[in-house]
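Next comes final.pdb, with PDB, C-alpha atoms and all ligand atoms.
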ATOM      1  CA  MET Z   7       0.000   0.000   0.000
ATOM      2  CA  ALA Z   8       2.684   2.391   1.112
ATOM      3  CA  ALA Z   9       4.769   1.744  -2.033
ATOM      4  CA  GLY Z  10       1.727   2.365  -4.235
ATOM      5  CA  PHE Z  11       1.184   5.664  -2.488
ATOM      6  CA  LEU Z  12       4.812   6.767  -2.731
ATOM      7  CA  ALA Z  13       5.356   5.934  -6.403
ATOM      8  CA  PRO Z  14       3.841   9.108  -7.898
ATOM      9  CA  LEU Z  15       5.803  11.325  -5.501
ATOM     10  CA  PRO Z  16       8.822  11.951  -7.800
ATOM     11  CA  VAL Z  17       6.420  12.627 -10.647
ATOM     12  CA  LEU Z  18       4.485  15.100  -8.522
ATOM     13  CA  THR Z  19       7.696  16.768  -7.365
ATOM     14  CA  GLY Z  20       8.866  17.031 -10.973
ATOM     15  CA  LEU Z  21       5.566  18.568 -12.011
ATOM     16  CA  LEU Z  22       5.747  21.067  -9.158
ATOM     17  CA  VAL Z  23       9.288  22.089 -10.129
ATOM     18  CA  ILE Z  24       8.238  22.525 -13.775
ATOM     19  CA  LEU Z  25       5.248  24.624 -12.700
ATOM     20  CA  CYS Z  26       7.403  26.839 -10.478
ATOM     21  CA  VAL Z  27      10.244  27.251 -12.982
ATOM     22  CA  GLY Z  28       7.673  27.935 -15.682
ATOM     23  CA  ARG Z  29       6.472  30.911 -13.682
ATOM     24  CA  TRP Z  30      10.024  32.203 -13.050
ATOM     25  CA  VAL Z  31      11.168  32.293 -16.627
ATOM     26  CA  GLU Z  32       8.109  34.250 -17.735
ATOM     27  CA  GLY Z  33       9.267  37.436 -15.983
ATOM     28  CA  GLY Z  34       6.792  39.756 -14.311
ATOM     29  CA  LYS Z  35       5.649  43.297 -15.019
ATOM     30  CA  VAL Z  36       6.540  45.599 -12.172
ATOM     31  CA  LEU Z  37       5.094  49.080 -11.684
ATOM     32  CA  VAL Z  38       7.551  51.164  -9.651
ATOM     33  CA  VAL Z  39       6.353  54.286  -7.813
ATOM     34  CA  PRO Z  40       9.474  55.663  -6.126
ATOM     35  CA  MET Z  41      10.073  58.399  -3.594
ATOM     36  CA  ASP Z  42      12.429  60.987  -5.019
ATOM     37  CA  GLY Z  43      15.764  61.961  -3.478
ATOM     38  CA  SER Z  44      18.129  59.521  -1.814
ATOM     39  CA  HIS Z  45      15.254  57.004  -1.439
ATOM     40  CA  TRP Z  46      15.345  56.460  -5.185
ATOM     41  CA  LEU Z  47      19.114  55.871  -5.271
ATOM     42  CA  SER Z  48      18.714  52.635  -3.255
ATOM     43  CA  MET Z  49      15.530  51.561  -5.019
ATOM     44  CA  LYS Z  50      17.201  52.028  -8.398
ATOM     45  CA  LYS Z  51      19.608  49.192  -7.522
ATOM     46  CA  ALA Z  52      16.691  46.841  -6.827
ATOM     47  CA  VAL Z  53      15.016  47.905 -10.093
ATOM     48  CA  GLN Z  54      18.244  47.206 -11.990
ATOM     49  CA  LYS Z  55      18.577  43.753 -10.401
ATOM     50  CA  LEU Z  56      14.939  42.853 -11.134
ATOM     51  CA  HIS Z  57      15.416  43.957 -14.746
ATOM     52  CA  ALA Z  58      18.542  41.777 -14.979
ATOM     53  CA  ARG Z  59      16.412  38.839 -13.837
ATOM     54  CA  GLY Z  60      14.054  39.307 -16.741
ATOM     55  CA  HIS Z  61      11.305  41.434 -15.237
ATOM     56  CA  GLN Z  62       9.819  44.365 -17.080
ATOM     57  CA  MET Z  63      10.155  47.531 -15.016
ATOM     58  CA  VAL Z  64       8.004  50.655 -15.489
ATOM     59  CA  VAL Z  65       8.774  53.677 -13.288
ATOM     60  CA  VAL Z  66       6.139  56.377 -12.789
ATOM     61  CA  SER Z  67       7.326  59.766 -11.570
ATOM     62  CA  PRO Z  68       6.398  63.463 -11.726
ATOM     63  CA  GLU Z  69       7.985  65.236 -14.710
ATOM     64  CA  LEU Z  70       9.826  67.567 -12.316
ATOM     65  CA  ASN Z  71      12.037  65.562 -10.000
ATOM     66  CA  MET Z  72      15.509  65.453  -8.492
ATOM     67  CA  HIS Z  73      17.070  62.092  -9.347
ATOM     68  CA  ILE Z  74      14.589  59.973 -11.341
ATOM     69  CA  LYS Z  75      16.092  60.066 -14.852
ATOM     70  CA  GLU Z  76      15.876  57.693 -17.833
ATOM     71  CA  GLU Z  77      18.000  54.530 -17.621
ATOM     72  CA  ASP Z  78      18.179  51.548 -19.955
ATOM     73  CA  PHE Z  79      16.854  49.092 -17.348
ATOM     74  CA  PHE Z  80      13.373  50.627 -16.962
ATOM     75  CA  THR Z  81      10.737  52.531 -18.906
ATOM     76  CA  LEU Z  82      10.104  55.961 -17.432
ATOM     77  CA  THR Z  83       6.553  57.337 -17.547
ATOM     78  CA  THR Z  84       6.107  60.866 -16.240
ATOM     79  CA  HIS Z  85       3.039  62.892 -15.372
ATOM     80  CA  ALA Z  86       2.453  66.639 -15.098
ATOM     81  CA  ILE Z  87       2.363  68.437 -11.754
ATOM     82  CA  PRO Z  88       0.986  71.892 -10.963
ATOM     83  CA  TYR Z  89       4.455  73.435 -10.428
ATOM     84  CA  THR Z  90       6.913  75.267 -12.640
ATOM     85  CA  GLN Z  91      10.608  74.345 -12.708
ATOM     86  CA  GLU Z  92      11.374  77.585 -10.859
ATOM     87  CA  GLU Z  93       8.891  76.834  -8.051
ATOM     88  CA  PHE Z  94      10.218  73.277  -7.825
ATOM     89  CA  ASP Z  95      13.837  74.442  -7.490
ATOM     90  CA  ARG Z  96      12.897  77.000  -4.873
ATOM     91  CA  LEU Z  97      10.742  74.543  -2.902
ATOM     92  CA  LEU Z  98      12.938  71.493  -2.764
ATOM     93  CA  LEU Z  99      16.426  72.778  -3.327
ATOM     94  CA  GLY Z 100      16.341  76.478  -2.467
ATOM     95  CA  GLU Z 101      16.278  76.379   1.325
ATOM     96  CA  ARG Z 102      18.290  73.286   2.054
ATOM     97  CA  TYR Z 103      21.254  75.276   3.421
ATOM     98  CA  GLN Z 104      18.985  76.600   6.159
ATOM     99  CA  VAL Z 105      19.821  73.546   8.284
ATOM    100  CA  PHE Z 106      23.279  75.012   8.868
ATOM    101  CA  GLU Z 107      21.998  78.450   9.906
ATOM    102  CA  ARG Z 108      22.178  79.346  13.575
ATOM    103  CA  MET Z 109      18.877  80.516  15.065
ATOM    104  CA  PRO Z 110      16.947  80.288  18.348
ATOM    105  CA  PHE Z 111      15.319  76.902  19.030
ATOM    106  CA  LEU Z 112      11.706  78.081  18.712
ATOM    107  CA  LYS Z 113      12.378  79.944  15.481
ATOM    108  CA  ARG Z 114      14.136  76.889  14.087
ATOM    109  CA  LEU Z 115      11.248  74.631  15.122
ATOM    110  CA  LEU Z 116       8.654  76.889  13.474
ATOM    111  CA  LYS Z 117      10.751  77.220  10.322
ATOM    112  CA  THR Z 118      11.223  73.444  10.147
ATOM    113  CA  MET Z 119       7.474  72.878  10.536
ATOM    114  CA  GLU Z 120       6.731  75.439   7.842
ATOM    115  CA  ARG Z 121       9.213  73.794   5.499
ATOM    116  CA  LEU Z 122       7.858  70.310   6.219
ATOM    117  CA  LYS Z 123       4.358  71.560   5.422
ATOM    118  CA  THR Z 124       5.484  73.084   2.116
ATOM    119  CA  VAL Z 125       7.344  69.939   1.097
ATOM    120  CA  SER Z 126       4.482  67.591   2.088
ATOM    121  CA  SER Z 127       2.011  69.747   0.224
ATOM    122  CA  PHE Z 128       4.277  69.509  -2.832
ATOM    123  CA  PHE Z 129       4.242  65.695  -2.703
ATOM    124  CA  GLN Z 130       0.479  65.601  -2.109
ATOM    125  CA  ARG Z 131      -0.190  67.816  -5.105
ATOM    126  CA  SER Z 132       2.136  65.776  -7.259
ATOM    127  CA  CYS Z 133       0.204  62.630  -6.222
ATOM    128  CA  GLU Z 134      -3.073  64.333  -7.181
ATOM    129  CA  GLY Z 135      -1.394  65.182 -10.500
ATOM    130  CA  LEU Z 136      -0.915  61.447 -11.095
ATOM    131  CA  PHE Z 137      -4.516  60.485 -10.287
ATOM    132  CA  HIS Z 138      -5.978  63.395 -12.255
ATOM    133  CA  ASN Z 139      -4.172  62.152 -15.351
ATOM    134  CA  LYS Z 140      -7.017  59.865 -16.482
ATOM    135  CA  ASN Z 141      -5.231  58.759 -19.664
ATOM    136  CA  LEU Z 142      -2.195  57.599 -17.714
ATOM    137  CA  ILE Z 143      -4.319  55.773 -15.101
ATOM    138  CA  ARG Z 144      -6.287  54.043 -17.887
ATOM    139  CA  HIS Z 145      -3.013  53.083 -19.573
ATOM    140  CA  LEU Z 146      -1.532  51.714 -16.318
ATOM    141  CA  ASN Z 147      -4.724  49.780 -15.601
ATOM    142  CA  ALA Z 148      -4.699  48.275 -19.081
ATOM    143  CA  SER Z 149      -1.014  47.291 -18.800
ATOM    144  CA  SER Z 150      -1.805  44.372 -16.428
ATOM    145  CA  PHE Z 151       1.069  44.757 -13.998
ATOM    146  CA  ASP Z 152       1.813  41.914 -11.600
ATOM    147  CA  VAL Z 153       2.902  44.018  -8.659
ATOM    148  CA  VAL Z 154       3.639  47.564  -7.479
ATOM    149  CA  LEU Z 155       7.049  48.288  -5.914
ATOM    150  CA  THR Z 156       6.907  51.493  -3.890
ATOM    151  CA  ASP Z 157       8.281  53.449  -0.932
ATOM    152  CA  PRO Z 158       5.279  53.951   1.390
ATOM    153  CA  VAL Z 159       6.794  57.068   2.971
ATOM    154  CA  HIS Z 160       5.219  58.710  -0.103
ATOM    155  CA  PRO Z 161       1.917  56.765   0.075
ATOM    156  CA  CYS Z 162       0.937  57.587  -3.525
ATOM    157  CA  GLY Z 163       2.216  54.219  -4.815
ATOM    158  CA  ALA Z 164       0.374  52.278  -2.109
ATOM    159  CA  ILE Z 165      -2.858  54.097  -3.024
ATOM    160  CA  LEU Z 166      -2.262  53.440  -6.728
ATOM    161  CA  ALA Z 167      -1.763  49.709  -6.016
ATOM    162  CA  ARG Z 168      -5.044  49.611  -4.124
ATOM    163  CA  TYR Z 169      -6.841  51.627  -6.826
ATOM    164  CA  LEU Z 170      -5.629  49.257  -9.564
ATOM    165  CA  SER Z 171      -6.226  46.187  -7.297
ATOM    166  CA  LEU Z 172      -2.585  45.125  -7.510
ATOM    167  CA  PRO Z 173      -0.451  43.538  -4.786
ATOM    168  CA  SER Z 174       2.295  45.800  -3.437
ATOM    169  CA  VAL Z 175       5.841  45.382  -2.141
ATOM    170  CA  PHE Z 176       7.024  48.174   0.157
ATOM    171  CA  PHE Z 177      10.657  49.212   0.024
ATOM    172  CA  LEU Z 178      11.553  51.712   2.731
ATOM    173  CA  ARG Z 179      14.103  53.075   5.169
ATOM    174  CA  ASN Z 180      11.344  53.710   7.706
ATOM    175  CA  ILE Z 181       8.002  55.470   8.065
ATOM    176  CA  PRO Z 182       7.164  57.829  10.953
ATOM    177  CA  CYS Z 183       4.421  57.491  13.545
ATOM    178  CA  ASP Z 184       4.599  53.672  13.652
ATOM    179  CA  LEU Z 185       2.555  53.422  10.475
ATOM    180  CA  ASP Z 186       4.512  50.250   9.629
ATOM    181  CA  SER Z 187       3.519  48.436  12.808
ATOM    182  CA  GLU Z 188      -0.068  49.690  12.495
ATOM    183  CA  GLY Z 189      -0.227  48.672   8.839
ATOM    184  CA  THR Z 190       1.086  45.178   9.624
ATOM    185  CA  GLN Z 191      -0.591  44.895  13.063
ATOM    186  CA  CYS Z 192       2.840  44.200  14.495
ATOM    187  CA  PRO Z 193       3.317  44.347  18.290
ATOM    188  CA  ASN Z 194       5.046  47.618  19.124
ATOM    189  CA  PRO Z 195       5.470  47.988  22.909
ATOM    190  CA  SER Z 196       6.577  51.464  24.044
ATOM    191  CA  SER Z 197       8.356  50.007  27.028
ATOM    192  CA  TYR Z 198      10.927  48.174  24.889
ATOM    193  CA  ILE Z 199      11.176  49.866  21.498
ATOM    194  CA  PRO Z 200      13.086  53.168  21.546
ATOM    195  CA  ARG Z 201      11.101  55.818  19.685
ATOM    196  CA  LEU Z 202      12.434  58.137  16.990
ATOM    197  CA  LEU Z 203      14.601  61.038  18.283
ATOM    198  CA  THR Z 204      14.426  59.940  21.964
ATOM    199  CA  ARG Z 205      17.982  58.534  21.938
ATOM    200  CA  ASN Z 206      16.694  55.832  24.295
ATOM    201  CA  SER Z 207      18.016  52.302  24.084
ATOM    202  CA  ASP Z 208      15.971  49.127  24.472
ATOM    203  CA  HIS Z 209      16.823  49.144  28.199
ATOM    204  CA  MET Z 210      14.984  52.105  29.698
ATOM    205  CA  THR Z 211      14.489  53.500  33.179
ATOM    206  CA  PHE Z 212      10.987  54.505  34.237
ATOM    207  CA  LEU Z 213      11.540  58.159  33.235
ATOM    208  CA  GLN Z 214      12.976  57.160  29.855
ATOM    209  CA  ARG Z 215       9.876  55.068  29.253
ATOM    210  CA  VAL Z 216       7.738  58.121  30.012
ATOM    211  CA  LYS Z 217       9.808  60.106  27.485
ATOM    212  CA  ASN Z 218       9.416  57.216  25.050
ATOM    213  CA  MET Z 219       5.638  57.563  25.309
ATOM    214  CA  LEU Z 220       5.566  61.370  25.066
ATOM    215  CA  TYR Z 221       7.825  61.936  22.028
ATOM    216  CA  PRO Z 222       5.516  60.206  19.530
ATOM    217  CA  LEU Z 223       2.718  62.620  20.479
ATOM    218  CA  ALA Z 224       4.657  65.549  18.976
ATOM    219  CA  LEU Z 225       5.380  63.535  15.832
ATOM    220  CA  LYS Z 226       1.666  62.744  15.491
ATOM    221  CA  TYR Z 227       1.064  66.387  14.582
ATOM    222  CA  ILE Z 228       3.589  66.219  11.730
ATOM    223  CA  CYS Z 229       2.064  62.941  10.522
ATOM    224  CA  HIS Z 230      -1.373  64.486  10.718
ATOM    225  CA  PHE Z 231      -0.671  67.227   8.199
ATOM    226  CA  SER Z 232       1.649  65.161   6.025
ATOM    227  CA  PHE Z 233      -0.438  61.966   5.765
ATOM    228  CA  THR Z 234      -4.133  62.819   6.332
ATOM    229  CA  PRO Z 235      -4.543  64.315   2.824
ATOM    230  CA  TYR Z 236      -3.562  60.922   1.351
ATOM    231  CA  ALA Z 237      -6.311  59.189   3.328
ATOM    232  CA  SER Z 238      -8.815  61.731   1.923
ATOM    233  CA  LEU Z 239      -7.500  61.196  -1.605
ATOM    234  CA  ALA Z 240      -7.731  57.394  -1.211
ATOM    235  CA  SER Z 241     -11.263  57.638   0.231
ATOM    236  CA  GLU Z 242     -12.318  59.780  -2.731
ATOM    237  CA  LEU Z 243     -10.784  57.349  -5.258
ATOM    238  CA  LEU Z 244     -12.058  54.157  -3.636
ATOM    239  CA  GLN Z 245     -15.432  55.775  -2.825
ATOM    240  CA  ARG Z 246     -15.431  54.642   0.777
ATOM    241  CA  GLU Z 247     -13.853  55.850   3.997
ATOM    242  CA  VAL Z 248     -10.319  54.429   4.303
ATOM    243  CA  SER Z 249      -7.452  55.338   6.625
ATOM    244  CA  LEU Z 250      -3.803  55.302   5.691
ATOM    245  CA  GLU Z 251      -3.353  52.247   7.941
ATOM    246  CA  ASP Z 252      -5.975  50.429   5.812
ATOM    247  CA  ILE Z 253      -4.051  51.333   2.668
ATOM    248  CA  LEU Z 254      -0.728  50.229   4.143
ATOM    249  CA  SER Z 255      -2.205  46.999   5.483
ATOM    250  CA  SER Z 256      -2.464  45.756   1.895
ATOM    251  CA  GLY Z 257       1.343  45.614   1.543
ATOM    252  CA  SER Z 258       2.302  41.987   0.787
ATOM    253  CA  VAL Z 259       5.977  42.333   1.693
ATOM    254  CA  TRP Z 260       7.815  45.066   3.614
ATOM    255  CA  LEU Z 261      11.516  45.389   2.777
ATOM    256  CA  PHE Z 262      13.300  47.615   5.312
ATOM    257  CA  ARG Z 263      16.618  49.158   4.354
ATOM    258  CA  GLY Z 264      17.818  48.739   7.926
ATOM    259  CA  ASP Z 265      19.404  46.071  10.006
ATOM    260  CA  PHE Z 266      19.468  44.921  13.618
ATOM    261  CA  VAL Z 267      23.260  45.238  13.470
ATOM    262  CA  LEU Z 268      22.706  48.994  13.416
ATOM    263  CA  GLU Z 269      19.337  49.302  15.186
ATOM    264  CA  TYR Z 270      17.658  47.953  18.304
ATOM    265  CA  PRO Z 271      15.747  44.694  17.939
ATOM    266  CA  ARG Z 272      11.964  44.839  17.744
ATOM    267  CA  PRO Z 273       9.164  42.398  17.003
ATOM    268  CA  ILE Z 274       8.498  41.899  13.290
ATOM    269  CA  MET Z 275       5.828  40.155  11.268
ATOM    270  CA  PRO Z 276       6.577  37.308   8.822
ATOM    271  CA  ASN Z 277       6.240  39.670   5.825
ATOM    272  CA  MET Z 278       8.870  42.150   7.121
ATOM    273  CA  PHE Z 279      12.483  41.708   5.948
ATOM    274  CA  PHE Z 280      15.664  43.657   6.613
ATOM    275  CA  ILE Z 281      17.827  44.430   3.587
ATOM    276  CA  GLY Z 282      20.128  47.116   5.038
ATOM    277  CA  GLY Z 283      23.044  45.836   2.973
ATOM    278  CA  ILE Z 284      21.471  47.230  -0.181
ATOM    279  CA  ASN Z 285      22.659  50.672   0.928
ATOM    280  CA  CYS Z 286      26.195  49.351   0.376
ATOM    281  CA  ALA Z 287      25.603  48.478  -3.291
ATOM    282  CA  ASN Z 288      28.129  51.136  -4.336
ATOM    283  CA  ARG Z 289      30.716  50.025  -1.851
ATOM    284  CA  LYS Z 290      34.427  50.732  -1.588
ATOM    285  CA  PRO Z 291      36.903  48.857   0.576
ATOM    286  CA  LEU Z 292      37.264  50.321   4.074
ATOM    287  CA  SER Z 293      40.628  51.741   5.064
ATOM    288  CA  GLN Z 294      42.735  49.687   7.498
ATOM    289  CA  CYS Z 295      42.152  52.290  10.184
ATOM    290  CA  VAL Z 296      38.345  52.069   9.921
ATOM    291  CA  LEU Z 297      38.512  48.274   9.682
ATOM    292  CA  ALA Z 298      40.432  48.087  12.907
ATOM    293  CA  SER Z 299      37.784  50.119  14.720
ATOM    294  CA  ILE Z 300      34.831  48.054  13.521
ATOM    295  CA  SER Z 301      34.627  44.897  15.545
ATOM    296  CA  SER Z 302      31.458  43.665  13.819
ATOM    297  CA  GLY Z 303      32.854  44.081  10.279
ATOM    298  CA  GLN Z 304      32.222  40.455   9.389
ATOM    299  CA  PHE Z 305      28.636  40.748  10.472
ATOM    300  CA  VAL Z 306      27.988  43.702   8.156
ATOM    301  CA  SER Z 307      29.327  41.884   5.112
ATOM    302  CA  GLN Z 308      27.192  38.844   5.998
ATOM    303  CA  GLN Z 309      24.137  41.145   6.050
ATOM    304  CA  LEU Z 310      25.098  42.433   2.614
ATOM    305  CA  VAL Z 311      25.044  38.870   1.295
ATOM    306  CA  ASN Z 312      21.669  38.287   3.004
ATOM    307  CA  SER Z 313      20.172  41.387   1.458
ATOM    308  CA  GLN Z 314      21.233  40.355  -2.040
ATOM    309  CA  GLU Z 315      19.532  37.042  -1.439
ATOM    310  CA  THR Z 316      16.374  38.853  -0.341
ATOM    311  CA  ILE Z 317      16.327  40.778  -3.607
ATOM    312  CA  GLY Z 318      16.597  37.425  -5.357
ATOM    313  CA  GLU Z 319      13.647  36.159  -3.313
ATOM    314  CA  LEU Z 320      11.702  39.294  -4.214
ATOM    315  CA  ALA Z 321      12.336  38.518  -7.871
ATOM    316  CA  ILE Z 322      11.002  35.020  -7.300
ATOM    317  CA  PHE Z 323       7.989  36.366  -5.430
ATOM    318  CA  ILE Z 324       7.146  38.662  -8.334
ATOM    319  CA  GLY Z 325       7.770  35.960 -10.915
TER     320      GLY Z 325
HETATM  321  C1  LIG P 401      -9.353  48.740 -14.628
HETATM  322  O1  LIG P 401      -9.853  47.907 -15.636
HETATM  323  C2  LIG P 401     -10.867  47.021 -15.195
HETATM  324  C3  LIG P 401     -11.195  46.069 -16.348
HETATM  325  O2  LIG P 401     -11.299  46.730 -17.560
HETATM  326  C4  LIG P 401     -12.070  47.824 -14.735
HETATM  327  O3  LIG P 401     -13.088  46.959 -14.279
HETATM  328  C5  LIG P 401     -11.629  48.725 -13.586
HETATM  329  O4  LIG P 401     -12.696  49.571 -13.190
HETATM  330  C6  LIG P 401     -10.458  49.607 -14.025
HETATM  331  N1  LIG P 401      -9.953  50.333 -12.879
HETATM  332  C7  LIG P 401      -9.634  51.626 -12.911
HETATM  333  C8  LIG P 401      -9.129  52.211 -11.655
HETATM  334  O5  LIG P 401      -9.734  52.313 -13.902
END
Can you give me the file's structure in the form of structure tokens?
Amino acid sequence: MAAGFLAPLPVLTGLLVILCVGRWVEGGKVLVVPMDGSHWLSMKKAVQKLHARGHQMVVVSPELNMHIKEEDFFTLTTHAIPYTQEEFDRLLLGERYQVFERMPFLKRLLKTMERLKTVSSFFQRSCEGLFHNKNLIRHLNASSFDVVLTDPVHPCGAILARYLSLPSVFFLRNIPCDLDSEGTQCPNPSSYIPRLLTRNSDHMTFLQRVKNMLYPLALKYICHFSFTPYASLASELLQREVSLEDILSSGSVWLFRGDFVLEYPRPIMPNMFFIGGINCANRKPLSQCVLASISSGQFVSQQLVNSQETIGELAIFIG
């Protein structure tokens, strides 16, 4: 009996392998909605690798941008935004030297808030520019993409994935206000996870834990004005009330460009992966002096290998 049952096993295994390989060699169609600036520089490496593995990459970006330029490993599709080149230069590049200016704390805080508001409003309006371009949306919808690869810190790509009913892969350094743990329903205890800007470690005294709980409240205000408009836009497009957490909860895989070698450990969900090594794609050998001072050097290079494997797995996931 047992032999009769086991006989078809190699055949079944063979069939399964053929089915899987069959999917891989086809190559997928990936819609990439990047965040401009340094975020794109790391994502570009992943796009290049996916293209090398036979996937078709289409990048959507506003026509005015900092670093997203044509390359031979993706097709660039741009959309109009309600800004002139002059306004764009002034907004995003004009005031960047302000960070080095000396000024009283309160003045600096107000100026930073004002600047953050201007920049977030720029990104929101550029996202509206994408959705108002009906021809482009129709074209993207008709192109039958397999997946959207996007940085959720600019939630436009996540909304687009939801609007076109496509699965999404998030590729990010981090996202403020714990939107990642809310989007993935990941445990996120304040008593153990040091919050942004607190300089706490994962071992906190009682007072540090109080600080750890209070700091996020201030950040909530920033997240309110920078992210709420996206929830309104998504609600309007999907014709029902949705929050940003709802939108982010549809992310299939979260790839974090960080690593526990450099950060404190925290709980993660099975669809969260750390690929910090990808930031070292353009690496140069360290000098002897630096090497001597890094005791965990071996660890870092191991992480680099791991991250390249993760990109490979991502390619397989898409295929
Ligand atoms: C995309 O195309 C499908 C099939 O033609 C259609 O049902 C759907 O409404 C379209 N979605 C958008 C956002 O245009």
Open item on the list: I'd like the contact shell of region 143-152 of chain Z - 8 Å cut-off, all atoms listed in the file, skipping same-chain residues fewer than 3 positions apart - returned as a list of chain:residue names.
Closed with: Z:Gly34, Z:Lys35, Z:Val36, Z:Leu37, Z:Leu136, Z:Phe137, Z:Asn139, Z:Lys140, Z:Leu170, Z:Leu172, Z:Pro173, Z:Ile324
Open item on the list: One number please: CA of Lys50 (chain Z) to CA of Gln62 (chain Z), in Å, one decimal.
Closed with: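 Spanning CA of Lys50 (chain Z) to CA of Gln62 (chain Z) is a straight-line distance of 13.7 Å.
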- [ ] Please identify all polymer residues lying at most 7 Å from the point (17.6, 47.1, 4.3) (file coordinates), using all atoms listed in the file, and present the result as a list in words.
- [x]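 Checking each residue against the 7 Å limit leaves Arg179, Leu261, Phe262, Arg263, Gly264, Asp265, Phe280, Ile281, Gly282, Gly283, Ile284 and Ser313 of chain Z.
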Task: Explicit residue set for the PyMOL selection byres (((chain Z and resi 58) around 12) and not hetatm), as a VMD selection string - done: chain Z and resid 33 to 34 51 to 57 59 to 63 78 to 80 317 to 318 321
TODO: May I ask which of the residues Z:Ile253, Z:Val259, Z:Val154, Z:Ala164 is the closest one to Ile274 (chain Z), counting all atoms listed in the file?
DONE: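 Closest residue, counting all atoms listed in the file: Z:Val259.
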Enclosing box along x, y and z for every listed atom of region 186-196 of chain Z, padded 6 Å each side, centre and size in Å, one decimal, as JSON:
{"center_x": 3.0, "center_y": 47.8, "center_z": 16.4, "size_x": 19.2, "size_y": 19.3, "size_z": 27.2}
Open item on the list: One decimal, in Å: what's the spacing between CA of Pro235 (chain Z) and CA of Ser127 (chain Z)?
Closed with: 8.9 Å
Open item on the list: Between CA of Arg108 (chain Z) and CA of Pro200 (chain Z), what is the distance in Å, rounded to a tenth?
Closed with: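 Atom-to-atom, CA of Arg108 (chain Z) and CA of Pro200 (chain Z) are spaced 28.8 Å apart.
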Task: Residue neighbourhood region 239-249 of chain Z, 10 Å, all atoms listed in the file, exclusion window fewer than 4 positions, as number ranges by chain - done: Z: 130, 133-134, 137, 161-162, 164-166, 168-169, 233-235, 253-255
Open item on the list: From the options Z:Ser126, Z:Leu268, Z:Gly135, Z:Met119, which residue's atoms come nearest to Tyr227 (chain Z), counting only C-alpha atoms?
Closed with: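 Closest residue, counting only C-alpha atoms: Z:Met119.
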Task: Shortest interatomic distance to ligand LIG 401 (chain P) - which of Z:Ser171, Z:Asn206, Z:Glu269, Z:Glu107, counting only C-alpha atoms and all ligand atoms - done: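 Nearest candidate to ligand LIG 401 (chain P) out of Z:Ser171, Z:Asn206, Z:Glu269, Z:Glu107: Z:Ser171.
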Task: Z:Met278, Z:Leu99, Z:Leu297, Z:Cys229 ranked by distance to Phe177 (chain Z), top pick (using only C-alpha atoms) - done: Z:Met278
Open item on the list: With the PyMOL selection byres (((chain Z and resi 209) around 12) and not hetatm) as the selection, what would be picked from this file? Answer as a PyMOL selection string, please.
Closed with: chain Z and resi 196-200+205-208+210-215+218+270-271
Task: Residue nearest Pro195 (chain Z) among Z:Met72, Z:Asn277, Z:Arg272, Z:Ala298 (counting all atoms listed in the file) - done: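 Ranking Z:Met72, Z:Asn277, Z:Arg272, Z:Ala298 by distance to Pro195 (chain Z), first place goes to Z:Arg272.
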TODO: List the residues selected by the PyMOL selection byres (((chain Z and resi 124) around 12) and not hetatm) in the file shown, writing them as a PyMOL selection string.
DONE: chain Z and resi 93-94+96-98+101+117-123+125-131+228+231-232
Same residues, C-alpha atoms, output as a PDB file, in the frame of the given file:
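Output contents, as saved in out.pdb:
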ATOM      1  CA  GLU Z  93       8.891  76.834  -8.051  1.00  0.00           C
ATOM      2  CA  PHE Z  94      10.218  73.277  -7.825  1.00  0.00           C
ATOM      3  CA  ARG Z  96      12.897  77.000  -4.873  1.00  0.00           C
ATOM      4  CA  LEU Z  97      10.742  74.543  -2.902  1.00  0.00           C
ATOM      5  CA  LEU Z  98      12.938  71.493  -2.764  1.00  0.00           C
ATOM      6  CA  GLU Z 101      16.278  76.379   1.325  1.00  0.00           C
ATOM      7  CA  LYS Z 117      10.751  77.220  10.322  1.00  0.00           C
ATOM      8  CA  THR Z 118      11.223  73.444  10.147  1.00  0.00           C
ATOM      9  CA  MET Z 119       7.474  72.878  10.536  1.00  0.00           C
ATOM     10  CA  GLU Z 120       6.731  75.439   7.842  1.00  0.00           C
ATOM     11  CA  ARG Z 121       9.213  73.794   5.499  1.00  0.00           C
ATOM     12  CA  LEU Z 122       7.858  70.310   6.219  1.00  0.00           C
ATOM     13  CA  LYS Z 123       4.358  71.560   5.422  1.00  0.00           C
ATOM     14  CA  VAL Z 125       7.344  69.939   1.097  1.00  0.00           C
ATOM     15  CA  SER Z 126       4.482  67.591   2.088  1.00  0.00           C
ATOM     16  CA  SER Z 127       2.011  69.747   0.224  1.00  0.00           C
ATOM     17  CA  PHE Z 128       4.277  69.509  -2.832  1.00  0.00           C
ATOM     18  CA  PHE Z 129       4.242  65.695  -2.703  1.00  0.00           C
ATOM     19  CA  GLN Z 130       0.479  65.601  -2.109  1.00  0.00           C
ATOM     20  CA  ARG Z 131      -0.190  67.816  -5.105  1.00  0.00           C
ATOM     21  CA  ILE Z 228       3.589  66.219  11.730  1.00  0.00           C
ATOM     22  CA  PHE Z 231      -0.671  67.227   8.199  1.00  0.00           C
ATOM     23  CA  SER Z 232       1.649  65.161   6.025  1.00  0.00           C
TER      24      SER Z 232
END
Task: Counting only C-alpha atoms and all ligand atoms, the option among Z:Ala167, Z:Leu178, Z:Val39, Z:Leu116 closest to ligand LIG 401 (chain P) - done: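 Smallest separation from ligand LIG 401 (chain P) among the options: Z:Ala167.
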Task: Residue contacts of Asp186 (chain Z) (9 Å, all atoms listed in the file) excluding same-chain residues fewer than 3 positions away, as JSON, numbers by chain - done: {"Z": [180, 181, 182, 183, 189, 190, 191, 192, 251, 254, 255, 260]}
